[in-house]
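Engineer: Got a file for you: work25.txt, compact mmCIF, C-alpha atoms (C1' of nucleotides).
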```txt
# COMPACT_ATOMS: atom_id res chain seq x y z
CA MET G 643 95.78 187.92 145.30
CA VAL G 644 98.82 186.39 143.69
CA HIS G 645 98.08 183.93 140.98
CA PRO G 646 100.34 180.90 140.79
CA ILE G 647 101.02 181.36 137.12
CA ASN G 648 104.57 182.11 136.13
CA LYS G 649 105.25 184.93 133.75
CA GLN G 650 106.67 182.71 131.07
CA SER G 651 103.57 180.64 130.53
CA LEU G 652 101.44 183.72 130.88
CA SER G 653 103.29 185.51 128.13
CA SER G 654 103.94 182.70 125.70
CA GLY G 655 101.59 182.80 122.77
CA LYS G 656 100.48 186.31 123.56
CA THR G 657 103.40 188.19 122.09
CA THR G 658 103.17 187.35 118.41
CA HIS G 659 102.78 191.01 117.52
CA ASN G 660 105.89 191.82 119.50
CA ARG G 661 108.00 189.33 117.59
CA ALA G 662 106.81 190.48 114.20
CA LEU G 663 107.20 194.15 115.02
CA SER G 664 110.57 193.60 116.63
CA LEU G 665 111.81 192.01 113.43
CA ILE G 666 110.37 194.77 111.25
CA PHE G 667 111.98 197.51 113.32
CA HIS G 668 115.28 195.63 113.26
CA LYS G 669 115.09 195.53 109.48
CA MET G 670 114.19 199.19 109.34
CA ALA G 671 117.20 199.95 111.50
CA GLU G 672 119.40 198.12 108.98
CA CYS G 673 117.85 200.13 106.17
CA TYR G 674 118.68 203.42 107.87
CA ARG G 675 122.16 202.24 108.76
CA TYR G 676 122.71 201.43 105.12
CA MET G 677 121.52 204.88 104.09
CA GLY G 678 124.49 206.52 105.72
CA THR G 679 125.93 208.16 108.77
CA GLU G 680 123.33 210.97 108.85
CA GLU G 681 120.69 208.36 109.64
CA ARG G 682 122.61 206.42 112.24
CA PHE G 683 120.73 207.81 115.23
CA ARG G 684 117.43 207.10 113.59
CA ALA G 685 118.70 203.57 113.04
CA THR G 686 119.64 203.31 116.71
CA ALA G 687 116.18 204.48 117.74
CA TYR G 688 114.55 201.73 115.67
CA GLU G 689 116.97 199.14 117.02
CA ASN G 690 116.13 200.22 120.57
CA VAL G 691 112.42 199.78 120.01
CA SER G 692 113.10 196.41 118.40
CA ARG G 693 114.84 195.32 121.58
CA VAL G 694 112.17 196.77 123.86
CA LEU G 695 109.51 194.78 122.02
CA ALA G 696 111.59 191.62 122.16
CA ASN G 697 111.90 191.91 125.93
CA MET G 698 108.31 192.90 126.60
CA LYS G 699 106.32 190.42 128.64
CA GLU G 700 102.82 191.33 127.54
CA ASP G 701 101.63 191.84 124.00
CA ILE G 702 102.06 195.34 122.63
CA SER G 703 98.43 195.43 121.53
CA GLU G 704 97.51 195.79 125.20
CA HIS G 705 99.10 199.22 125.12
CA ALA G 706 98.03 200.20 121.64
CA GLY G 707 94.78 201.93 122.43
CA SER G 708 96.24 205.23 121.33
CA VAL G 709 99.43 206.93 120.26
CA GLU G 710 99.60 208.60 123.67
CA GLU G 711 99.44 205.28 125.47
CA LEU G 712 102.26 203.78 123.39
CA ASP G 713 104.29 206.92 123.79
CA GLU G 714 104.54 206.25 127.51
CA ILE G 715 106.69 203.21 126.85
CA GLY G 716 110.38 204.07 126.97
CA GLY G 717 111.95 204.20 123.52
CA ILE G 718 108.63 204.55 121.72
CA GLY G 719 107.73 208.03 120.55
CA GLU G 720 104.99 209.50 118.42
CA SER G 721 106.31 208.34 115.07
CA ILE G 722 106.92 204.72 115.99
CA ALA G 723 103.69 204.61 117.98
CA GLU G 724 101.80 205.49 114.81
CA LYS G 725 103.63 202.77 112.93
CA ILE G 726 102.76 200.19 115.55
CA ILE G 727 99.09 201.09 115.33
CA GLU G 728 99.29 201.06 111.56
CA TYR G 729 100.73 197.55 111.69
CA LEU G 730 98.10 196.26 114.11
CA GLN G 731 95.33 197.65 111.92
CA THR G 732 96.59 196.90 108.41
CA GLY G 733 99.26 194.25 108.86
CA LYS G 734 102.01 196.35 107.43
CA ILE G 735 103.94 199.60 107.66
CA LYS G 736 104.00 201.87 104.66
CA THR G 737 107.36 203.43 105.46
CA PHE G 738 108.92 199.99 105.67
CA GLU G 739 107.44 198.95 102.33
CA GLU G 740 108.88 202.10 100.77
CA LEU G 741 112.32 201.37 102.18
CA LYS G 742 112.21 197.85 100.78
CA LYS G 743 111.52 199.20 97.30
CA LYS G 744 114.17 201.81 97.47
CA LEU G 745 117.10 199.78 98.85
CA PRO G 746 118.84 196.48 97.97
CA PHE G 747 116.86 194.91 100.74
CA ASP G 748 118.10 191.32 100.41
CA LEU G 749 121.65 192.57 100.71
CA LEU G 750 120.98 194.13 104.09
CA GLU G 751 120.60 190.80 105.88
CA LEU G 752 124.36 190.49 105.53
CA MET G 753 124.62 193.23 108.13
CA ASP G 754 123.85 190.55 110.70
CA ILE G 755 127.19 188.96 109.82
CA SER G 756 130.29 190.12 111.63
CA GLY G 757 132.48 192.28 109.43
CA PHE G 758 129.74 193.43 107.07
CA GLY G 759 128.89 196.99 107.93
CA PRO G 760 126.95 199.61 105.98
CA SER G 761 129.97 200.96 104.18
CA THR G 762 131.12 197.56 102.95
CA LEU G 763 127.65 196.69 101.67
CA ARG G 764 127.19 200.05 99.95
CA THR G 765 130.47 199.61 98.10
CA LEU G 766 129.52 196.10 96.99
CA HIS G 767 126.18 197.30 95.70
CA GLU G 768 127.30 200.50 94.04
CA LYS G 769 130.54 199.31 92.47
CA LEU G 770 129.60 195.75 91.54
CA GLY G 771 125.82 195.71 91.49
CA ILE G 772 125.69 193.04 94.17
CA ASN G 773 122.12 192.71 95.44
CA ASN G 774 122.13 189.65 97.66
CA ARG G 775 124.15 186.95 99.29
CA ASP G 776 124.32 184.75 96.19
CA ASP G 777 125.63 187.65 94.11
CA LEU G 778 128.35 188.18 96.67
CA VAL G 779 129.36 184.52 96.83
CA LYS G 780 129.61 184.42 93.06
CA ALA G 781 131.59 187.63 92.89
CA LEU G 782 134.00 186.31 95.48
CA GLN G 783 134.53 183.09 93.55
CA GLU G 784 135.20 185.01 90.38
CA ASN G 785 137.61 187.38 92.15
CA LYS G 786 135.58 190.41 91.16
CA LEU G 787 136.34 192.24 94.37
CA ASN G 788 140.10 192.35 94.12
CA LYS G 789 140.31 195.62 92.28
CA LEU G 790 138.07 197.47 94.69
CA LYS G 791 139.69 200.01 96.96
CA GLY G 792 139.74 198.82 100.52
CA PHE G 793 139.30 195.15 99.68
CA GLY G 794 142.71 193.60 100.05
CA GLU G 795 143.62 189.99 100.58
CA ARG G 796 142.97 189.94 104.33
CA LYS G 797 139.60 191.57 103.98
CA LEU G 798 138.50 189.04 101.34
CA THR G 799 139.69 186.10 103.41
CA ASN G 800 137.73 187.37 106.39
CA MET G 801 134.62 187.91 104.29
CA LYS G 802 134.72 184.37 102.94
CA ARG G 803 135.18 182.92 106.39
CA ALA G 804 132.34 185.00 107.84
CA LEU G 805 130.00 183.96 105.03
CA LYS G 806 130.78 180.29 105.52
CA MET G 807 130.28 180.47 109.26
CA GLU G 808 127.07 182.43 109.10
CA LYS G 809 124.96 179.39 108.19
CA SER G 810 126.03 177.47 111.26
CA ASN G 811 125.28 180.51 113.35
CA ASN G 812 125.27 178.76 116.70
CA ARG G 813 123.98 179.99 119.97
CA MET G 814 124.67 177.19 122.34
CA PRO G 815 122.50 176.01 125.19
CA LEU G 816 123.60 177.32 128.56
CA GLN G 817 124.89 174.04 129.91
CA LEU G 818 127.21 173.49 126.97
CA ALA G 819 128.53 177.03 127.30
CA GLU G 820 129.14 176.48 131.01
CA GLU G 821 131.21 173.40 130.28
CA GLU G 822 133.23 175.15 127.61
CA GLY G 823 133.66 178.19 129.85
CA ALA G 824 134.94 176.06 132.70
CA ARG G 825 137.40 174.37 130.37
CA LEU G 826 138.79 177.68 129.12
CA LEU G 827 138.92 179.06 132.64
CA ARG G 828 140.97 176.09 133.78
CA LEU G 829 143.43 176.45 130.93
CA ILE G 830 143.93 180.18 131.41
CA LYS G 831 144.25 179.92 135.18
CA SER G 832 147.29 177.76 134.63
CA ILE G 833 149.13 180.81 133.33
CA LYS G 834 151.20 182.24 136.17
CA ALA G 835 150.88 185.99 135.52
CA VAL G 836 147.07 185.79 135.44
CA GLU G 837 146.04 187.26 138.78
CA LYS G 838 142.34 186.60 138.36
CA ILE G 839 139.90 185.57 135.65
CA ALA G 840 136.10 185.30 135.59
CA LEU G 841 133.24 184.67 133.20
CA ALA G 842 131.07 187.60 132.14
CA GLY G 843 128.49 188.20 129.43
CA SER G 844 125.32 186.21 128.91
CA LEU G 845 127.03 183.14 130.32
CA ARG G 846 127.37 184.85 133.69
CA ARG G 847 123.77 186.03 133.41
CA LYS G 848 122.80 182.40 132.84
CA LYS G 849 120.79 183.21 129.79
CA GLU G 850 119.17 180.12 128.27
CA THR G 851 121.32 180.37 125.15
CA VAL G 852 124.77 181.88 124.87
CA GLY G 853 126.21 183.39 121.70
CA ASP G 854 129.78 183.96 122.77
CA ILE G 855 131.92 183.53 125.87
CA ASP G 856 133.12 186.70 127.60
CA MET G 857 135.85 186.78 130.22
CA VAL G 858 137.53 189.45 132.31
CA LEU G 859 141.16 188.87 133.21
CA VAL G 860 143.20 190.77 135.79
CA ALA G 861 146.87 191.39 135.10
CA VAL G 862 149.31 194.28 135.27
CA PRO G 863 150.07 195.86 131.89
CA ARG G 864 153.66 194.70 131.68
CA ASN G 865 152.56 191.06 131.72
CA ARG G 866 149.74 191.35 129.23
CA LYS G 867 151.57 190.82 125.99
CA ARG G 868 153.05 187.61 127.30
CA ILE G 869 149.73 186.49 128.74
CA VAL G 870 147.99 186.96 125.41
CA GLU G 871 150.68 184.85 123.75
CA GLU G 872 150.30 182.17 126.42
CA ILE G 873 146.53 182.06 126.10
CA ILE G 874 146.87 181.52 122.38
CA ARG G 875 149.39 178.78 123.02
CA VAL G 876 147.26 176.83 125.52
CA ILE G 877 143.92 177.36 123.82
CA GLN G 878 145.01 176.98 120.23
CA PRO G 879 142.13 178.93 118.69
CA GLN G 880 141.00 178.19 115.16
CA LYS G 881 141.13 181.84 114.37
CA ILE G 882 142.20 185.07 116.05
CA LEU G 883 139.80 187.91 115.32
CA ALA G 884 141.65 190.60 117.24
CA ARG G 885 144.56 190.71 119.60
CA GLY G 886 145.89 193.70 121.48
CA THR G 887 147.17 194.32 124.98
CA THR G 888 143.75 194.90 126.53
CA LYS G 889 141.59 192.69 124.38
CA LEU G 890 141.74 189.26 122.76
CA SER G 891 139.02 187.91 120.52
CA MET G 892 139.10 184.45 118.96
CA ILE G 893 137.21 181.48 117.56
CA VAL G 894 137.58 178.30 119.60
CA GLY G 895 136.76 174.63 119.23
CA ASP G 896 134.68 172.46 116.90
CA ARG G 897 131.62 174.54 117.58
CA GLU G 898 133.47 177.65 116.42
CA THR G 899 132.61 179.55 119.57
CA GLN G 900 133.69 183.16 119.78
CA VAL G 901 135.61 183.97 122.94
CA ASP G 902 136.29 187.54 124.03
CA ILE G 903 138.79 188.27 126.80
CA ARG G 904 139.43 191.72 128.32
CA LEU G 905 142.57 192.44 130.30
CA VAL G 906 142.18 195.00 133.08
CA HIS G 907 143.78 196.29 136.28
CA ASP G 908 142.73 194.71 139.55
CA TYR G 909 141.08 197.96 140.63
CA GLU G 910 138.99 197.94 137.43
CA PHE G 911 137.69 194.43 137.92
CA GLY G 912 134.23 195.43 139.17
CA SER G 913 133.57 197.97 136.48
CA ALA G 914 134.82 195.63 133.78
CA MET G 915 132.63 192.81 135.04
CA LEU G 916 129.62 195.09 135.31
CA TYR G 917 130.15 196.43 131.84
CA PHE G 918 130.84 193.13 130.10
CA THR G 919 128.15 191.21 131.92
CA GLY G 920 125.41 193.46 130.55
CA SER G 921 122.76 193.12 129.44
CA LYS G 922 122.98 196.03 127.09
CA GLU G 923 119.63 197.36 128.32
CA HIS G 924 120.76 197.04 131.91
CA ASN G 925 123.95 198.94 131.13
CA ILE G 926 122.07 201.72 129.39
CA ARG G 927 119.80 202.06 132.42
CA LEU G 928 122.76 202.27 134.80
CA ARG G 929 124.46 204.79 132.55
CA THR G 930 121.39 206.98 132.51
CA ILE G 931 121.05 206.86 136.28
CA ALA G 932 124.72 207.71 136.68
CA LYS G 933 124.28 210.65 134.38
CA GLU G 934 121.32 211.94 136.40
CA ARG G 935 123.60 211.89 139.42
CA GLY G 936 126.41 213.75 137.69
CA MET G 937 128.49 210.64 137.15
CA LYS G 938 129.70 208.62 134.20
CA ILE G 939 130.20 204.85 133.88
CA ASN G 940 132.51 202.99 131.57
CA GLU G 941 134.47 199.74 131.78
CA TYR G 942 137.14 201.49 133.83
CA GLY G 943 134.95 202.77 136.61
CA ILE G 944 132.49 205.41 137.76
CA PHE G 945 133.69 208.97 137.34
CA ASP G 946 132.57 212.37 138.52
CA VAL G 947 131.56 214.26 135.39
CA LYS G 948 132.74 217.61 136.74
CA THR G 949 136.09 216.76 138.23
CA GLY G 950 136.85 213.58 136.32
CA GLU G 951 137.66 211.97 139.63
CA ARG G 952 137.31 208.21 139.77
CA LEU G 953 134.73 207.29 142.39
CA ALA G 954 134.41 203.51 142.17
CA GLY G 955 135.09 200.44 140.07
CA GLU G 956 136.81 197.85 142.19
CA THR G 957 133.68 195.86 142.92
CA GLU G 958 130.20 195.74 141.43
CA GLU G 959 128.65 196.06 144.87
CA GLU G 960 130.27 199.44 145.54
CA MET G 961 129.15 200.65 142.14
CA TYR G 962 125.46 199.87 142.71
CA GLU G 963 125.84 201.33 146.20
CA LEU G 964 127.34 204.55 144.87
CA LEU G 965 124.47 204.90 142.41
CA GLY G 966 121.99 204.45 145.25
CA LEU G 967 120.73 201.16 143.83
CA ASN G 968 120.10 197.75 145.25
CA TYR G 969 122.58 195.17 144.05
CA VAL G 970 121.25 193.21 141.10
CA SER G 971 122.48 189.65 140.67
CA PRO G 972 123.78 188.83 137.17
CA GLU G 973 120.82 186.55 136.40
CA LYS G 974 118.45 189.47 136.92
CA ARG G 975 120.28 192.01 134.77
CA ILE G 976 117.83 191.61 131.93
CA ASP G 977 116.24 194.95 131.24
CA ALA G 978 115.84 198.48 132.53
CA GLU G 979 113.10 197.44 134.96
CA SER G 980 115.46 195.17 136.87
CA VAL G 981 117.09 198.27 138.35
CA GLU G 982 115.51 199.72 141.45
CA THR G 983 116.55 202.61 143.65
CA LYS G 984 117.22 202.05 147.30
CA ASP G 985 114.69 203.27 149.83
C1' DG B 897 117.81 222.50 119.79
C1' DG B 898 121.11 219.12 120.54
C1' DG B 899 122.88 214.65 122.54
C1' DC B 900 122.47 209.84 121.59
C1' DT B 901 129.23 205.92 125.47
C1' DG B 902 133.54 205.48 124.69
C1' DT B 903 137.11 202.44 123.39
C1' DA B 904 140.20 198.97 120.95
C1' DC B 905 141.49 196.85 117.02
C1' DT B 906 141.86 196.01 111.91
C1' DG B 907 143.28 196.69 107.35
C1' DC D 1421 142.50 207.03 108.53
C1' DA D 1422 137.63 204.92 108.10
C1' DG D 1423 135.26 201.08 109.37
C1' DT D 1424 133.73 197.77 112.61
C1' DA D 1425 132.54 195.59 116.91
C1' DC D 1426 131.78 195.57 121.63
C1' DG Q 1272 114.06 208.25 115.47
C1' DC Q 1273 113.75 209.34 121.02
C1' DC Q 1274 114.40 212.10 125.06
C1' DC Q 1275 115.47 215.65 127.56
C1' DC H 364 159.96 197.75 103.99
C1' DA H 365 158.23 199.74 108.41
C1' DG H 366 155.63 203.18 110.30
C1' DT H 367 151.41 206.11 110.45
C1' DG H 368 146.69 207.25 110.58
C1' DC S 1351 143.87 199.25 104.12
C1' DA S 1352 146.14 203.42 101.70
C1' DC S 1353 149.71 206.12 102.05
C1' DT S 1354 154.30 207.80 103.05
C1' DG S 1355 159.17 207.98 102.96
```
Now that the file is in, can you turn its structure into structure tokens?

Structural biologist:
Amino acid sequence: MVHPINKQSLSSGKTTHNRALSLIFHKMAECYRYMGTEERFRATAYENVSRVLANMKEDISEHAGSVEELDEIGGIGESIAEKIIEYLQTGKIKTFEELKKKLPFDLLELMDISGFGPSTLRTLHEKLGINNRDDLVKALQENKLNKLKGFGERKLTNMKRALKMEKSNNRMPLQLAEEEGARLLRLIKSIKAVEKIALAGSLRRKKETVGDIDMVLVAVPRNRKRIVEEIIRVIQPQKILARGTTKLSMIVGDRETQVDIRLVHDYEFGSAMLYFTGSKEHNIRLRTIAKERGMKINEYGIFDVKTGERLAGETEEEMYELLGLNYVSPEKRIDAESVETKD
DNA sequence: GGGCTGTACTG
DNA sequence: CAGTAC
DNA sequence: GCCC
DNA sequence: CAGTG
DNA sequence: CACTG
């Protein structure tokens, strides 16, 4: 019998452990990232579990009867399973507490800000004894960073801007993003050499909140430089984060919305849309399936691993088809489970 | 034991 | 080139 | 760290 | 100063 | 950016 209770209301209020653990594992991932390149895969593993927990419908405690039971969940292995059980029983994780003692923990939150990676933060801590955001703001005001290797004028300007913007870290509600997306689309469509342009990313997935606006634009290479110039002219961004011939990234409007635009060939449109629509979990799932079938997916298409031959990429439909999967509409590309093989 | 995506852009 | 982001 |  | 990595 | 020429 099907109960007329939707999954949202069923899950809300029952996933408090998931949220807490997801945050802890995210922080642990940052710790390991900070520790250096040898630990980067460990960091990735923790970040993956953090995301799995965030997406999980039911509370993790329902699966936490034993290490073996947790281990069955994708991304969770023996070590993290033990830590989950430890948390549910004692309220904390010893390994995490150790990491907090050992590292400049307050500094690591800066890793959530664009432009602050592990290397930058390590340098700040080791060379200038910076331990947190306030230290950094003060050091910037007093021009303490100027003599550091790798911290030139541009880098400092970008750091200051990123720090200022981080407080008003806006994800906008879907409807607002849709309006802004439509506005940008209209402006860019007015450029003659643009053959086609479409919204991608979380906006296309119609996620309830949208962090940035992604677009895929079709144009032949010889027109791209001019197109990028034209886009900048008609949009008048507040700031250009990156501009090349295949990629334009900028900050737009009063709300300081980040807009990312990829320029691709017409025959790459499907693969580019698939790739940049996500979600990340969905992409990873597709990638894994492709690999099992001896194929490889990237934003340029699906390729035969052996021969390197390009097998698909013009449309999303043909790509799902080639992988032996049912087509998944953008709204449903949430997690790995949204992918199902054809009968 | 060994892979964990691959690419574009910045400074 | 190393670092960063996607 | 996880997963072949 | 422009070009390279 | 650091470095080179």

Engineer: Using all atoms listed in the file, select each residue of chain G with any atom at most 10 Å away from an atom of chain S, and give the selection as a list of chain:residue names.

Structural biologist: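 Using all atoms listed in the file, chain G residues at most 10 Å from chain S: G:Lys791, G:Gly792, G:Phe793, G:Gly794, G:Glu795, G:Arg796, G:Lys797.
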
Engineer: For a test of reading the model, state the distance in Å between atom CA of Arg952 of chain G and atom CA of Gly936 of chain G, rounded to one decimal.

Structural biologist: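 So the two atoms, atom CA of Arg952 of chain G and atom CA of Gly936 of chain G, lie 12.4 Å apart.
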
Engineer: Could you give me, as a tab-separated table, every chain B residue with an atom at most 9 Å from chain G, plus its closest atom pair and distance in Å to one decimal, counting only C-alpha atoms (C1' of nucleotides), rows ordered by chain then number?

Structural biologist:
```
residue	atom	partner	partner_atom	distance
B:DC900	C1'	G:Phe683	CA	6.9
B:DT901	C1'	G:Asn940	CA	7.5
B:DG902	C1'	G:Asn940	CA	7.4
B:DA904	C1'	G:Lys889	CA	7.3
B:DC905	C1'	G:Ala884	CA	6.3
B:DT906	C1'	G:Ala884	CA	7.6
B:DG907	C1'	G:Lys797	CA	7.1
```

Engineer: Just to confirm, what's the straight-line distance from atom CA of Ile882 of chain G to atom CA of Ile833 of chain G in Å (one decimal)?

Structural biologist: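 Going from atom CA of Ile882 of chain G over to atom CA of Ile833 of chain G, I get 19.1 Å.
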
Engineer: Could you please determine the separation between atom CA of Asn697 of chain G and atom CA of Asp854 of chain G in Å, to one decimal place?

Structural biologist: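 Straight-line distance from atom CA of Asn697 of chain G to atom CA of Asp854 of chain G works out to 19.8 Å.
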
Engineer: Residues of chain G no more than 8 Å from chain D, counting all atoms listed in the file: send them over as a list in words.

Structural biologist: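 Applying the cut-off to the listed atoms yields Ser756, Gly757, Gly759 and Ser761 of chain G.
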
Engineer: Choose the residue, out of G:Gly966, G:Gly716, G:Pro746, G:Gly895, that has the smallest atom-to-atom separation from chain Q; count all atoms listed in the file.

Structural biologist: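 Among the listed residues, the smallest separation from chain Q belongs to G:Gly716.
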
Engineer: Residues of chain G were defined as contacting chain Q if any atom lay at most 12 Å from it, counting all atoms listed in the file; please report them as number ranges by chain.

Structural biologist: G: 667, 670-671, 674, 680-691, 713-723, 930, 934

Engineer: Starting from the sparse input, extend segment 692-713 of chain G to N, CA and C atoms and give the output as a PDB file, in the coordinates of the input.

Structural biologist:
```pdb
ATOM      1  N   SER G 692     113.088 197.839 118.734  1.00  0.00           N
ATOM      2  CA  SER G 692     113.100 196.410 118.400  1.00  0.00           C
ATOM      3  C   SER G 692     113.431 195.591 119.635  1.00  0.00           C
ATOM      4  N   ARG G 693     114.413 196.049 120.387  1.00  0.00           N
ATOM      5  CA  ARG G 693     114.840 195.320 121.580  1.00  0.00           C
ATOM      6  C   ARG G 693     113.795 195.421 122.701  1.00  0.00           C
ATOM      7  N   VAL G 694     113.220 196.594 122.845  1.00  0.00           N
ATOM      8  CA  VAL G 694     112.170 196.770 123.860  1.00  0.00           C
ATOM      9  C   VAL G 694     111.020 195.803 123.614  1.00  0.00           C
ATOM     10  N   LEU G 695     110.621 195.682 122.362  1.00  0.00           N
ATOM     11  CA  LEU G 695     109.510 194.780 122.020  1.00  0.00           C
ATOM     12  C   LEU G 695     109.900 193.334 122.269  1.00  0.00           C
ATOM     13  N   ALA G 696     111.145 192.998 121.968  1.00  0.00           N
ATOM     14  CA  ALA G 696     111.590 191.620 122.160  1.00  0.00           C
ATOM     15  C   ALA G 696     111.576 191.229 123.632  1.00  0.00           C
ATOM     16  N   ASN G 697     111.833 192.191 124.498  1.00  0.00           N
ATOM     17  CA  ASN G 697     111.900 191.910 125.930  1.00  0.00           C
ATOM     18  C   ASN G 697     110.557 192.039 126.638  1.00  0.00           C
ATOM     19  N   MET G 698     109.583 192.594 125.951  1.00  0.00           N
ATOM     20  CA  MET G 698     108.310 192.900 126.600  1.00  0.00           C
ATOM     21  C   MET G 698     107.540 191.634 126.955  1.00  0.00           C
ATOM     22  N   LYS G 699     107.031 191.613 128.167  1.00  0.00           N
ATOM     23  CA  LYS G 699     106.320 190.420 128.640  1.00  0.00           C
ATOM     24  C   LYS G 699     104.930 190.302 128.007  1.00  0.00           C
ATOM     25  N   GLU G 700     104.197 191.385 128.041  1.00  0.00           N
ATOM     26  CA  GLU G 700     102.820 191.330 127.540  1.00  0.00           C
ATOM     27  C   GLU G 700     102.767 191.810 126.081  1.00  0.00           C
ATOM     28  N   ASP G 701     101.715 191.465 125.401  1.00  0.00           N
ATOM     29  CA  ASP G 701     101.630 191.840 124.000  1.00  0.00           C
ATOM     30  C   ASP G 701     101.417 193.352 123.852  1.00  0.00           C
ATOM     31  N   ILE G 702     102.086 193.887 122.841  1.00  0.00           N
ATOM     32  CA  ILE G 702     102.060 195.340 122.630  1.00  0.00           C
ATOM     33  C   ILE G 702     100.645 195.842 122.375  1.00  0.00           C
ATOM     34  N   SER G 703      99.795 194.983 121.850  1.00  0.00           N
ATOM     35  CA  SER G 703      98.430 195.430 121.530  1.00  0.00           C
ATOM     36  C   SER G 703      97.680 195.866 122.791  1.00  0.00           C
ATOM     37  N   GLU G 704      98.145 195.377 123.946  1.00  0.00           N
ATOM     38  CA  GLU G 704      97.510 195.790 125.200  1.00  0.00           C
ATOM     39  C   GLU G 704      97.769 197.261 125.534  1.00  0.00           C
ATOM     40  N   HIS G 705      98.777 197.807 124.866  1.00  0.00           N
ATOM     41  CA  HIS G 705      99.100 199.220 125.120  1.00  0.00           C
ATOM     42  C   HIS G 705      98.772 200.102 123.916  1.00  0.00           C
ATOM     43  N   ALA G 706      98.154 199.508 122.914  1.00  0.00           N
ATOM     44  CA  ALA G 706      98.030 200.200 121.640  1.00  0.00           C
ATOM     45  C   ALA G 706      96.660 200.848 121.450  1.00  0.00           C
ATOM     46  N   GLY G 707      96.053 201.250 122.542  1.00  0.00           N
ATOM     47  CA  GLY G 707      94.780 201.930 122.430  1.00  0.00           C
ATOM     48  C   GLY G 707      94.902 203.270 121.734  1.00  0.00           C
ATOM     49  N   SER G 708      96.033 203.920 121.936  1.00  0.00           N
ATOM     50  CA  SER G 708      96.240 205.230 121.330  1.00  0.00           C
ATOM     51  C   SER G 708      97.727 205.515 121.212  1.00  0.00           C
ATOM     52  N   VAL G 709      98.038 206.505 120.401  1.00  0.00           N
ATOM     53  CA  VAL G 709      99.430 206.930 120.260  1.00  0.00           C
ATOM     54  C   VAL G 709      99.974 207.371 121.620  1.00  0.00           C
ATOM     55  N   GLU G 710      99.155 208.092 122.373  1.00  0.00           N
ATOM     56  CA  GLU G 710      99.600 208.600 123.670  1.00  0.00           C
ATOM     57  C   GLU G 710      99.987 207.466 124.617  1.00  0.00           C
ATOM     58  N   GLU G 711      99.186 206.416 124.575  1.00  0.00           N
ATOM     59  CA  GLU G 711      99.440 205.280 125.470  1.00  0.00           C
ATOM     60  C   GLU G 711     100.765 204.596 125.115  1.00  0.00           C
ATOM     61  N   LEU G 712     100.996 204.414 123.827  1.00  0.00           N
ATOM     62  CA  LEU G 712     102.260 203.780 123.390  1.00  0.00           C
ATOM     63  C   LEU G 712     103.447 204.665 123.712  1.00  0.00           C
ATOM     64  N   ASP G 713     103.218 205.949 123.596  1.00  0.00           N
ATOM     65  CA  ASP G 713     104.290 206.920 123.790  1.00  0.00           C
ATOM     66  C   ASP G 713     104.865 206.838 125.207  1.00  0.00           C
TER      67      ASP G 713
END
```
